[in-house]
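Here is protein_3.cif, consisting of mmCIF, C-alpha atoms:
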```cif
data_final
#
loop_
_atom_site.group_PDB
_atom_site.id
_atom_site.type_symbol
_atom_site.label_atom_id
_atom_site.label_comp_id
_atom_site.auth_asym_id
_atom_site.auth_seq_id
_atom_site.Cartn_x
_atom_site.Cartn_y
_atom_site.Cartn_z
ATOM 1 C CA MET E 12 107.765 90.246 115.411
ATOM 2 C CA ILE E 13 110.713 90.600 113.042
ATOM 3 C CA ALA E 14 110.367 94.370 113.285
ATOM 4 C CA ARG E 15 110.491 94.147 117.053
ATOM 5 C CA ALA E 16 113.659 92.052 116.867
ATOM 6 C CA MET E 17 115.186 94.444 114.353
ATOM 7 C CA SER E 18 114.608 97.395 116.679
ATOM 8 C CA SER E 19 116.493 95.817 119.557
ATOM 9 C CA PRO E 20 119.564 97.808 120.617
ATOM 10 C CA SER E 21 121.419 94.514 121.082
ATOM 11 C CA LEU E 22 120.778 93.439 117.479
ATOM 12 C CA ALA E 23 124.289 94.198 116.268
ATOM 13 C CA SER E 24 125.944 92.181 119.039
ATOM 14 C CA ASP E 25 123.468 89.337 118.556
ATOM 15 C CA LEU E 26 124.110 89.221 114.808
ATOM 16 C CA LEU E 27 127.828 89.211 115.492
ATOM 17 C CA SER E 28 127.414 86.341 117.943
ATOM 18 C CA LEU E 29 125.687 84.285 115.229
ATOM 19 C CA THR E 30 128.949 84.313 113.277
ATOM 20 C CA LYS E 31 130.762 82.695 116.265
ATOM 21 C CA PRO E 32 133.579 85.283 116.445
ATOM 22 C CA ARG E 33 136.054 83.077 118.331
ATOM 23 C CA LEU E 34 135.780 80.408 115.649
ATOM 24 C CA SER E 35 135.966 83.060 112.921
ATOM 25 C CA SER E 36 139.170 84.457 114.442
ATOM 26 C CA LEU E 37 140.777 81.021 114.055
ATOM 27 C CA VAL E 38 139.607 80.976 110.437
ATOM 28 C CA LEU E 39 141.150 84.396 109.828
ATOM 29 C CA ALA E 40 144.459 83.269 111.320
ATOM 30 C CA THR E 41 144.706 80.114 109.213
ATOM 31 C CA THR E 42 143.576 81.917 106.048
ATOM 32 C CA ALA E 43 146.211 84.578 106.630
ATOM 33 C CA GLY E 44 148.744 81.811 107.205
ATOM 34 C CA GLY E 45 147.887 80.209 103.881
ATOM 35 C CA MET E 46 148.261 83.536 102.070
ATOM 36 C CA TRP E 47 151.572 84.336 103.747
ATOM 37 C CA LEU E 48 153.095 80.923 102.995
ATOM 38 C CA ALA E 49 151.966 80.701 99.368
ATOM 39 C CA PRO E 50 154.474 81.641 96.664
ATOM 40 C CA GLY E 51 153.396 84.658 94.626
ATOM 41 C CA GLU E 52 152.609 88.345 94.779
ATOM 42 C CA LEU E 53 150.237 89.826 97.314
ATOM 43 C CA THR E 54 148.479 93.178 97.220
ATOM 44 C CA VAL E 55 146.897 94.892 100.188
ATOM 45 C CA SER E 56 143.496 94.851 98.496
ATOM 46 C CA ARG E 57 143.687 91.109 97.843
ATOM 47 C CA ILE E 58 144.711 90.432 101.444
ATOM 48 C CA LEU E 59 141.859 92.494 102.870
ATOM 49 C CA VAL E 60 139.161 91.220 100.518
ATOM 50 C CA THR E 61 140.209 87.584 100.913
ATOM 51 C CA LEU E 62 140.333 87.764 104.700
ATOM 52 C CA LEU E 63 137.080 89.690 105.114
ATOM 53 C CA ALA E 64 135.149 87.685 102.520
ATOM 54 C CA THR E 65 136.414 84.370 103.890
ATOM 55 C CA ALA E 66 135.468 85.418 107.421
ATOM 56 C CA GLY E 67 132.064 86.514 106.122
ATOM 57 C CA THR E 68 131.493 83.219 104.322
ATOM 58 C CA VAL E 69 132.370 81.281 107.463
ATOM 59 C CA GLY E 70 130.199 83.662 109.476
ATOM 60 C CA SER E 71 127.333 82.933 107.098
ATOM 61 C CA ALA E 72 127.784 79.192 107.614
ATOM 62 C CA ASN E 73 127.828 79.673 111.382
ATOM 63 C CA ALA E 74 124.705 81.851 111.330
ATOM 64 C CA LEU E 75 122.828 79.272 109.257
ATOM 65 C CA ASN E 76 124.078 76.568 111.638
ATOM 66 C CA CYS E 77 122.645 78.588 114.540
ATOM 67 C CA TYR E 78 119.341 78.852 112.662
ATOM 68 C CA TRP E 79 119.256 75.088 112.020
ATOM 69 C CA GLU E 80 120.212 74.101 115.584
ATOM 70 C CA ARG E 81 118.148 76.721 117.431
ATOM 71 C CA HIS E 82 116.056 74.051 119.167
ATOM 72 C CA SER E 83 118.866 71.709 120.258
ATOM 73 C CA ASP E 84 121.003 74.678 121.357
ATOM 74 C CA ARG E 85 118.610 75.200 124.282
ATOM 75 C CA PHE E 86 119.915 72.040 125.932
ATOM 76 C CA MET E 87 123.633 72.888 125.933
ATOM 77 C CA ALA E 88 125.124 75.249 128.512
ATOM 78 C CA ARG E 89 127.544 76.842 126.043
ATOM 79 C CA THR E 90 124.808 77.540 123.454
ATOM 80 C CA SER E 91 121.615 78.123 125.446
ATOM 81 C CA ASN E 92 122.177 81.886 125.656
ATOM 82 C CA ARG E 93 122.596 82.362 121.919
ATOM 83 C CA PRO E 94 120.095 84.801 120.361
ATOM 84 C CA LEU E 95 117.776 82.145 118.902
ATOM 85 C CA PRO E 96 117.388 79.588 121.741
ATOM 86 C CA SER E 97 117.118 82.417 124.275
ATOM 87 C CA GLY E 98 114.326 84.035 122.237
ATOM 88 C CA ARG E 99 116.113 87.380 121.727
ATOM 89 C CA MET E 100 115.942 87.064 117.943
ATOM 90 C CA GLU E 101 113.349 85.770 115.501
ATOM 91 C CA PRO E 102 114.607 82.821 113.391
ATOM 92 C CA GLN E 103 113.789 84.638 110.131
ATOM 93 C CA VAL E 104 116.254 87.389 111.028
ATOM 94 C CA ALA E 105 119.093 84.904 111.488
ATOM 95 C CA LEU E 106 118.184 83.104 108.264
ATOM 96 C CA ALA E 107 118.107 86.327 106.254
ATOM 97 C CA PHE E 108 121.394 87.452 107.811
ATOM 98 C CA GLY E 109 123.150 84.168 106.974
ATOM 99 C CA VAL E 110 121.903 84.071 103.389
ATOM 100 C CA GLY E 111 122.639 87.763 102.854
ATOM 101 C CA LEU E 112 126.181 87.432 104.171
ATOM 102 C CA ALA E 113 126.906 84.589 101.741
ATOM 103 C CA ALA E 114 125.345 86.543 98.864
ATOM 104 C CA VAL E 115 127.811 89.370 99.471
ATOM 105 C CA CYS E 116 130.961 87.467 100.430
ATOM 106 C CA LEU E 117 131.097 84.732 97.783
ATOM 107 C CA PRO E 118 131.000 87.202 94.839
ATOM 108 C CA ALA E 119 133.567 89.297 96.722
ATOM 109 C CA LEU E 120 135.897 86.282 96.722
ATOM 110 C CA VAL E 121 135.433 85.904 92.957
ATOM 111 C CA LEU E 122 136.288 89.551 92.327
ATOM 112 C CA GLY E 123 138.864 90.125 95.074
ATOM 113 C CA ALA E 124 140.719 86.798 94.914
ATOM 114 C CA ASN E 125 139.749 84.375 92.131
ATOM 115 C CA PRO E 126 136.929 81.958 91.172
ATOM 116 C CA LEU E 127 138.747 78.920 92.634
ATOM 117 C CA THR E 128 138.917 80.498 96.082
ATOM 118 C CA ALA E 129 135.233 81.419 95.864
ATOM 119 C CA LEU E 130 134.393 77.841 94.809
ATOM 120 C CA LEU E 131 136.226 76.477 97.852
ATOM 121 C CA GLY E 132 134.277 78.949 100.002
ATOM 122 C CA LEU E 133 131.019 77.703 98.489
ATOM 123 C CA VAL E 134 132.026 74.076 99.153
ATOM 124 C CA ALA E 135 132.833 74.970 102.763
ATOM 125 C CA LEU E 136 129.505 76.748 103.227
ATOM 126 C CA LEU E 137 127.320 74.044 101.672
ATOM 127 C CA SER E 138 129.092 71.087 103.299
ATOM 128 C CA TYR E 139 128.918 72.723 106.727
ATOM 129 C CA VAL E 140 125.283 73.805 106.544
ATOM 130 C CA LEU E 141 123.638 71.116 104.413
ATOM 131 C CA VAL E 142 125.685 68.020 105.313
ATOM 132 C CA TYR E 143 127.549 68.433 108.616
ATOM 133 C CA THR E 144 124.823 70.251 110.562
ATOM 134 C CA PRO E 145 121.930 67.805 109.936
ATOM 135 C CA LEU E 146 124.242 64.781 110.188
ATOM 136 C CA LYS E 147 125.276 65.696 113.753
ATOM 137 C CA ALA E 148 121.993 64.329 115.075
ATOM 138 C CA HIS E 149 122.503 60.937 113.416
ATOM 139 C CA SER E 150 126.150 59.864 113.228
ATOM 140 C CA SER E 151 129.606 60.647 114.563
ATOM 141 C CA ILE E 152 130.735 60.601 110.916
ATOM 142 C CA ALA E 153 129.549 64.226 110.989
ATOM 143 C CA MET E 154 132.850 65.038 112.712
ATOM 144 C CA LEU E 155 134.823 63.967 109.613
ATOM 145 C CA VAL E 156 132.439 65.846 107.333
ATOM 146 C CA GLY E 157 132.729 68.984 109.458
ATOM 147 C CA ALA E 158 136.524 68.778 109.380
ATOM 148 C CA VAL E 159 136.453 69.421 105.615
ATOM 149 C CA PRO E 160 135.044 72.985 105.722
ATOM 150 C CA GLY E 161 137.124 73.563 108.841
ATOM 151 C CA ALA E 162 140.296 72.715 106.923
ATOM 152 C CA LEU E 163 139.520 74.775 103.819
ATOM 153 C CA PRO E 164 140.448 78.327 105.050
ATOM 154 C CA PRO E 165 144.259 77.903 104.809
ATOM 155 C CA LEU E 166 143.797 76.309 101.390
ATOM 156 C CA MET E 167 141.624 79.284 100.391
ATOM 157 C CA GLY E 168 144.387 81.620 101.533
ATOM 158 C CA TRP E 169 146.872 79.624 99.451
ATOM 159 C CA THR E 170 144.711 79.617 96.305
ATOM 160 C CA ALA E 171 143.971 83.332 96.659
ATOM 161 C CA VAL E 172 147.675 83.860 95.947
ATOM 162 C CA THR E 173 148.530 80.973 93.595
ATOM 163 C CA GLY E 174 145.235 80.460 91.785
ATOM 164 C CA GLN E 175 145.709 76.685 91.993
ATOM 165 C CA ILE E 176 145.658 73.743 94.386
ATOM 166 C CA ASP E 177 149.117 72.195 94.666
ATOM 167 C CA ALA E 178 151.214 70.253 97.195
ATOM 168 C CA GLY E 179 151.646 73.154 99.622
ATOM 169 C CA GLY E 180 147.927 73.834 99.724
ATOM 170 C CA TYR E 181 147.123 70.148 100.191
ATOM 171 C CA VAL E 182 149.522 69.915 103.137
ATOM 172 C CA LEU E 183 148.000 72.931 104.913
ATOM 173 C CA PHE E 184 144.527 71.478 104.353
ATOM 174 C CA SER E 185 145.620 68.068 105.662
ATOM 175 C CA ILE E 186 147.229 69.501 108.805
ATOM 176 C CA LEU E 187 144.011 71.332 109.673
ATOM 177 C CA PHE E 188 141.865 68.308 108.843
ATOM 178 C CA LEU E 189 143.861 65.916 111.028
ATOM 179 C CA TRP E 190 144.153 68.442 113.863
ATOM 180 C CA GLN E 191 140.395 68.913 114.114
ATOM 181 C CA ILE E 192 139.619 65.278 114.966
ATOM 182 C CA PRO E 193 141.417 65.094 118.345
ATOM 183 C CA HIS E 194 140.265 68.671 118.982
ATOM 184 C CA PHE E 195 136.604 67.760 118.394
ATOM 185 C CA ILE E 196 136.749 64.431 120.238
ATOM 186 C CA ALA E 197 138.300 66.115 123.283
ATOM 187 C CA ILE E 198 135.424 68.625 123.364
ATOM 188 C CA ALA E 199 132.887 65.813 123.038
ATOM 189 C CA LEU E 200 134.489 63.854 125.875
ATOM 190 C CA PHE E 201 134.011 66.572 128.478
ATOM 191 C CA ARG E 202 130.676 67.767 127.076
ATOM 192 C CA GLN E 203 129.053 64.455 126.161
ATOM 193 C CA ASP E 204 126.188 64.928 128.641
ATOM 194 C CA GLU E 205 125.247 68.162 126.872
ATOM 195 C CA TYR E 206 125.464 66.491 123.472
ATOM 196 C CA ALA E 207 123.151 63.722 124.677
ATOM 197 C CA ALA E 208 120.658 66.215 126.147
ATOM 198 C CA ALA E 209 120.596 68.120 122.857
ATOM 199 C CA GLY E 210 119.954 64.964 120.848
ATOM 200 C CA LEU E 211 123.309 65.184 119.078
ATOM 201 C CA THR E 212 125.670 62.283 118.602
ATOM 202 C CA CYS E 213 129.450 62.221 118.889
ATOM 203 C CA VAL E 214 132.256 59.673 119.111
ATOM 204 C CA PRO E 215 132.059 59.209 122.934
ATOM 205 C CA ILE E 216 128.293 58.625 122.795
ATOM 206 C CA GLU E 217 128.387 56.374 119.732
ATOM 207 C CA ARG E 218 131.656 54.498 120.297
ATOM 208 C CA GLY E 219 132.477 54.961 123.970
ATOM 209 C CA GLU E 220 135.295 56.691 125.808
ATOM 210 C CA ASP E 221 137.966 54.033 125.173
ATOM 211 C CA SER E 222 137.422 54.284 121.414
ATOM 212 C CA SER E 223 137.460 58.078 121.678
ATOM 213 C CA ARG E 224 140.844 58.113 123.402
ATOM 214 C CA LEU E 225 142.210 55.633 120.843
ATOM 215 C CA GLN E 226 140.994 57.758 117.925
ATOM 216 C CA ILE E 227 142.656 60.829 119.404
ATOM 217 C CA VAL E 228 145.993 58.975 119.444
ATOM 218 C CA LEU E 229 145.575 57.509 115.946
ATOM 219 C CA TYR E 230 144.880 60.896 114.390
ATOM 220 C CA LEU E 231 147.801 62.429 116.288
ATOM 221 C CA VAL E 232 150.044 59.666 114.911
ATOM 222 C CA ALA E 233 148.979 60.812 111.439
ATOM 223 C CA LEU E 234 149.207 64.530 112.278
ATOM 224 C CA VAL E 235 152.808 64.542 113.528
ATOM 225 C CA PRO E 236 154.455 63.404 110.252
ATOM 226 C CA MET E 237 152.037 65.525 108.213
ATOM 227 C CA SER E 238 153.161 68.581 110.180
ATOM 228 C CA LEU E 239 156.754 67.948 109.054
ATOM 229 C CA LEU E 240 155.936 68.203 105.337
ATOM 230 C CA PRO E 241 156.076 72.032 105.186
ATOM 231 C CA PHE E 242 159.796 71.654 105.926
ATOM 232 C CA GLN E 243 160.173 68.953 103.276
ATOM 233 C CA LEU E 244 158.425 71.142 100.701
ATOM 234 C CA GLY E 245 160.547 74.176 101.535
ATOM 235 C CA ILE E 246 157.570 76.139 102.837
ATOM 236 C CA ALA E 247 159.276 76.570 106.222
ATOM 237 C CA GLY E 248 162.767 76.050 107.604
ATOM 238 C CA GLY E 249 164.664 74.266 110.346
ATOM 239 C CA TRP E 250 163.311 76.276 113.260
ATOM 240 C CA TYR E 251 159.804 75.351 112.157
ATOM 241 C CA LEU E 252 160.825 71.692 111.949
ATOM 242 C CA ALA E 253 162.094 71.770 115.533
ATOM 243 C CA ALA E 254 158.912 73.473 116.736
ATOM 244 C CA ALA E 255 156.706 71.004 114.835
ATOM 245 C CA VAL E 256 158.536 68.020 116.351
ATOM 246 C CA LEU E 257 158.361 69.446 119.883
ATOM 247 C CA LEU E 258 154.705 70.437 119.637
ATOM 248 C CA GLY E 259 153.707 67.233 117.879
ATOM 249 C CA LEU E 260 155.420 64.885 120.332
ATOM 250 C CA SER E 261 153.977 66.853 123.267
ATOM 251 C CA PHE E 262 150.477 66.573 121.811
ATOM 252 C CA LEU E 263 150.962 62.874 121.073
ATOM 253 C CA GLY E 264 152.342 62.262 124.573
ATOM 254 C CA LEU E 265 149.308 63.942 126.124
ATOM 255 C CA GLY E 266 147.004 61.811 123.990
ATOM 256 C CA ALA E 267 148.879 58.615 124.805
ATOM 257 C CA ALA E 268 148.718 59.370 128.541
ATOM 258 C CA GLY E 269 144.943 59.624 128.281
ATOM 259 C CA LEU E 270 144.722 56.365 126.327
ATOM 260 C CA PHE E 271 146.945 54.180 128.486
ATOM 261 C CA GLN E 272 145.866 55.635 131.835
ATOM 262 C CA ARG E 273 142.185 55.829 130.793
ATOM 263 C CA LEU E 274 141.978 59.436 131.954
ATOM 264 C CA GLY E 275 138.692 61.312 132.204
ATOM 265 C CA ARG E 276 137.158 64.692 131.582
ATOM 266 C CA ALA E 277 139.846 66.829 133.194
ATOM 267 C CA TRP E 278 142.336 65.274 130.776
ATOM 268 C CA ALA E 279 139.948 65.780 127.861
ATOM 269 C CA ARG E 280 139.631 69.471 128.662
ATOM 270 C CA GLN E 281 143.407 69.754 128.976
ATOM 271 C CA THR E 282 143.770 68.057 125.576
ATOM 272 C CA PHE E 283 141.286 70.490 124.040
ATOM 273 C CA LEU E 284 143.178 73.489 125.431
ATOM 274 C CA PHE E 285 146.534 72.088 124.305
ATOM 275 C CA SER E 286 145.126 71.537 120.805
ATOM 276 C CA LEU E 287 144.583 75.306 120.539
ATOM 277 C CA LEU E 288 148.108 75.999 121.776
ATOM 278 C CA TYR E 289 149.457 73.435 119.311
ATOM 279 C CA LEU E 290 147.779 74.935 116.259
ATOM 280 C CA THR E 291 148.689 78.495 117.231
ATOM 281 C CA GLY E 292 152.306 77.544 117.822
ATOM 282 C CA LEU E 293 152.567 75.489 114.647
ATOM 283 C CA PHE E 294 151.246 78.234 112.352
ATOM 284 C CA ALA E 295 153.234 80.932 114.153
ATOM 285 C CA ALA E 296 156.432 78.923 113.686
ATOM 286 C CA MET E 297 155.593 78.218 110.060
ATOM 287 C CA MET E 298 154.976 81.865 109.258
ATOM 288 C CA LEU E 299 157.997 83.157 111.204
ATOM 289 C CA ASP E 300 160.312 80.635 109.583
ATOM 290 C CA SER E 301 158.925 80.889 106.066
ATOM 291 C CA GLY E 302 161.668 83.251 104.955
ATOM 292 C CA GLY E 303 159.137 85.981 104.180
ATOM 293 C CA HIS E 304 156.332 85.942 101.650
ATOM 294 C CA GLY E 305 157.002 84.936 98.064
#
```

Could the structure of this file be written out as structure tokens, please?
Amino acid sequence: MIARAMSSPSLASDLLSLTKPRLSSLVLATTAGGMWLAPGELTVSRILVTLLATAGTVGSANALNCYWERHSDRFMARTSNRPLPSGRMEPQVALAFGVGLAAVCLPALVLGANPLTALLGLVALLSYVLVYTPLKAHSSIAMLVGAVPGALPPLMGWTAVTGQIDAGGYVLFSILFLWQIPHFIAIALFRQDEYAAAGLTCVPIERGEDSSRLQIVLYLVALVPMSLLPFQLGIAGGWYLAAAVLLGLSFLGLGAAGLFQRLGRAWARQTFLFSLLYLTGLFAAMMLDSGGHG
């Protein structure tokens, strides 16, 4: 049966889909941002190896997540057509692909960047696959666990240049960590029926919609001042500060409107979409106003 799956002309596109390319593109952008903002020398080879190996490590985690959740994925509209729940691919193929990708990319990070960056990649992989993924079926705490590997790519970009974890790297990690919580809760609010059908838990199911809206606002209250620290640390300049204030207050205002007006799923989807605009704008402003690398 594996041989039959391996002979499929759609195998390449199915393997690529296991890596969740849209999510991996966000990882590439934040990793590149961390590398650009970090003080130090960059070579073309280090840039390419770090970006490709980081994307591959994240792709490995996503493929193994698809393998683990192949049964529950059948019950969610956005995942039911993935290669495993749709039956287009044998589970062993996805498992071998995920493990093989990690076996190539983690050593590449050691050789192309440094051991610290590879260690962070390993932490991201293991926490996502072995802790976050199984915990999703039992507790909304999984969201906080999953935010850790999600926040590591910009820190990995930073350490690939500096070889150490310092204040700048911590700030980039913290911005990504705090950003993910309202982002994830917004998704869960307008997809909670699918989560319930798949046997997965989330904040709206476990705590209710009022608590979900409140948590979005609380994390945004923490995110806005955190997003100003790159200016304080000299990582980015005044134009970035203005952009961070504007984006942050807009995001917070949107969250507060949902909380105080008890808005529903249309608002949640709007919040999710704005969260993507926020992160893109914040990192673009940071990189453009960083004064150039090094």

Enclosing box along x, y and z for every listed atom of stretch 18-33 of chain E, padded 4 Å each side, centre and size in Å, one decimal, as AutoDock Vina command-line options:
```
--center_x 125.3 --center_y 90.3 --center_z 117.2 --size_x 29.4 --size_y 23.1 --size_z 15.8
```

For the structure shown, which residues end up in the PyMOL selection byres ((chain E and resi 212) around 7)? Put them as an MDAnalysis selection string, please?
-> chainID E and resid 147:151 206:207 210:211 213 216:217

Please save C-alpha atoms of the selected residues as a PDB file, keeping the file's coordinate frame.
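Once everything was written out, this is part-v4.pdb:
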```
ATOM      1  CA  LYS E 147     125.276  65.696 113.753  1.00  0.00           C
ATOM      2  CA  ALA E 148     121.993  64.329 115.075  1.00  0.00           C
ATOM      3  CA  HIS E 149     122.503  60.937 113.416  1.00  0.00           C
ATOM      4  CA  SER E 150     126.150  59.864 113.228  1.00  0.00           C
ATOM      5  CA  SER E 151     129.606  60.647 114.563  1.00  0.00           C
ATOM      6  CA  TYR E 206     125.464  66.491 123.472  1.00  0.00           C
ATOM      7  CA  ALA E 207     123.151  63.722 124.677  1.00  0.00           C
ATOM      8  CA  GLY E 210     119.954  64.964 120.848  1.00  0.00           C
ATOM      9  CA  LEU E 211     123.309  65.184 119.078  1.00  0.00           C
ATOM     10  CA  CYS E 213     129.450  62.221 118.889  1.00  0.00           C
ATOM     11  CA  ILE E 216     128.293  58.625 122.795  1.00  0.00           C
ATOM     12  CA  GLU E 217     128.387  56.374 119.732  1.00  0.00           C
TER      13      GLU E 217
END
```

Record the distance separating atom CA of E:Ala253 and atom CA of E:Arg224, expressed in Å with one decimal.
->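 Atom CA of E:Arg224 lies 26.5 Å from atom CA of E:Ala253.
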
To one decimal in Å, tell me the separation between atom CA of E:Asn73 and atom CA of E:Ala113.
->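 About the pair atom CA of E:Asn73 and atom CA of E:Ala113: they are 10.9 Å apart.
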
Please write as a ChimeraX atom specification the full residue list that the PyMOL selection byres ((chain E and resi 260) around 12) yields on this file.
-> /E:228,231-236,238-239,253-259,261-268,289

So what does the PyMOL selection byres ((chain E and resi 184-194) around 9) actually pick up in this one, as a JSON list (two decimals) with C-alpha atoms, in the coordinates of the input?
```json
[["chain", "number", "residue", "atom", "x", "y", "z"],
["E", 41, "THR", "CA", 144.71, 80.11, 109.21],
["E", 154, "MET", "CA", 132.85, 65.04, 112.71],
["E", 155, "LEU", "CA", 134.82, 63.97, 109.61],
["E", 157, "GLY", "CA", 132.73, 68.98, 109.46],
["E", 158, "ALA", "CA", 136.52, 68.78, 109.38],
["E", 159, "VAL", "CA", 136.45, 69.42, 105.62],
["E", 160, "PRO", "CA", 135.04, 72.98, 105.72],
["E", 161, "GLY", "CA", 137.12, 73.56, 108.84],
["E", 162, "ALA", "CA", 140.30, 72.72, 106.92],
["E", 163, "LEU", "CA", 139.52, 74.78, 103.82],
["E", 164, "PRO", "CA", 140.45, 78.33, 105.05],
["E", 165, "PRO", "CA", 144.26, 77.90, 104.81],
["E", 166, "LEU", "CA", 143.80, 76.31, 101.39],
["E", 179, "GLY", "CA", 151.65, 73.15, 99.62],
["E", 180, "GLY", "CA", 147.93, 73.83, 99.72],
["E", 181, "TYR", "CA", 147.12, 70.15, 100.19],
["E", 182, "VAL", "CA", 149.52, 69.92, 103.14],
["E", 183, "LEU", "CA", 148.00, 72.93, 104.91],
["E", 195, "PHE", "CA", 136.60, 67.76, 118.39],
["E", 196, "ILE", "CA", 136.75, 64.43, 120.24],
["E", 197, "ALA", "CA", 138.30, 66.11, 123.28],
["E", 198, "ILE", "CA", 135.42, 68.62, 123.36],
["E", 199, "ALA", "CA", 132.89, 65.81, 123.04],
["E", 223, "SER", "CA", 137.46, 58.08, 121.68],
["E", 224, "ARG", "CA", 140.84, 58.11, 123.40],
["E", 226, "GLN", "CA", 140.99, 57.76, 117.92],
["E", 227, "ILE", "CA", 142.66, 60.83, 119.40],
["E", 228, "VAL", "CA", 145.99, 58.98, 119.44],
["E", 229, "LEU", "CA", 145.57, 57.51, 115.95],
["E", 230, "TYR", "CA", 144.88, 60.90, 114.39],
["E", 231, "LEU", "CA", 147.80, 62.43, 116.29],
["E", 233, "ALA", "CA", 148.98, 60.81, 111.44],
["E", 234, "LEU", "CA", 149.21, 64.53, 112.28],
["E", 235, "VAL", "CA", 152.81, 64.54, 113.53],
["E", 237, "MET", "CA", 152.04, 65.53, 108.21],
["E", 238, "SER", "CA", 153.16, 68.58, 110.18],
["E", 266, "GLY", "CA", 147.00, 61.81, 123.99],
["E", 282, "THR", "CA", 143.77, 68.06, 125.58],
["E", 283, "PHE", "CA", 141.29, 70.49, 124.04],
["E", 284, "LEU", "CA", 143.18, 73.49, 125.43],
["E", 285, "PHE", "CA", 146.53, 72.09, 124.30],
["E", 286, "SER", "CA", 145.13, 71.54, 120.80],
["E", 287, "LEU", "CA", 144.58, 75.31, 120.54],
["E", 290, "LEU", "CA", 147.78, 74.94, 116.26]]
```

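When atom CA of E:Gly123 is paired with atom CA of E:Ala74, their separation reads 23.1 Å.
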
Kindly provide, as number ranges by chain, the polymer residues lying within 12 Å of (139.9, 67.1, 134.0), counting all atoms listed in the file and using the coordinates exactly as they appear in the file.
-> E: 197-198, 200-202, 269, 273-284

Hey, can you spit out that residue selection with C-alpha atoms as an mmCIF file, keeping the file's coordinate frame?
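Okay, this is what ended up in part34.cif:
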```cif
data_model
loop_
_atom_site.group_PDB
_atom_site.id
_atom_site.type_symbol
_atom_site.label_atom_id
_atom_site.label_comp_id
_atom_site.auth_asym_id
_atom_site.auth_seq_id
_atom_site.Cartn_x
_atom_site.Cartn_y
_atom_site.Cartn_z
ATOM 1 C CA ALA E 197 138.300 66.115 123.283
ATOM 2 C CA ILE E 198 135.424 68.625 123.364
ATOM 3 C CA LEU E 200 134.489 63.854 125.875
ATOM 4 C CA PHE E 201 134.011 66.572 128.478
ATOM 5 C CA ARG E 202 130.676 67.767 127.076
ATOM 6 C CA GLY E 269 144.943 59.624 128.281
ATOM 7 C CA ARG E 273 142.185 55.829 130.793
ATOM 8 C CA LEU E 274 141.978 59.436 131.954
ATOM 9 C CA GLY E 275 138.692 61.312 132.204
ATOM 10 C CA ARG E 276 137.158 64.692 131.582
ATOM 11 C CA ALA E 277 139.846 66.829 133.194
ATOM 12 C CA TRP E 278 142.336 65.274 130.776
ATOM 13 C CA ALA E 279 139.948 65.780 127.861
ATOM 14 C CA ARG E 280 139.631 69.471 128.662
ATOM 15 C CA GLN E 281 143.407 69.754 128.976
ATOM 16 C CA THR E 282 143.770 68.057 125.576
ATOM 17 C CA PHE E 283 141.286 70.490 124.040
ATOM 18 C CA LEU E 284 143.178 73.489 125.431
#
```

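Proximity to E:Val38 was assessed for E:Leu141, E:Met167, E:Ile246, E:Arg93 counting all atoms listed in the file; the smallest distance is recorded for E:Met167.
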
Residue nearest E:Leu59 - candidates E:Leu120, E:Val142, E:Ile152, E:Ala88, atoms counted: all atoms listed in the file = E:Leu120

Out of E:Leu225, E:Ala43, E:Ala124, E:Val69, which residue has the shortest atom-to-atom distance to E:Leu137 when counting all atoms listed in the file?
->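 Going through E:Leu225, E:Ala43, E:Ala124, E:Val69 one by one, the smallest distance to E:Leu137 is for E:Val69.
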
With only C-alpha atoms as the atoms that count, which of E:Leu240, E:Glu220, E:Ile176, E:Thr61 lies nearest to E:Pro118?
-> E:Thr61

In terms of the shortest atom-to-atom distance over all atoms listed in the file, which of E:Leu34, E:Ala208, E:Cys77, E:Ala72 is closest to E:Cys116?
->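 Of E:Leu34, E:Ala208, E:Cys77, E:Ala72, the one nearest E:Cys116 is E:Ala72, counting all atoms listed in the file.
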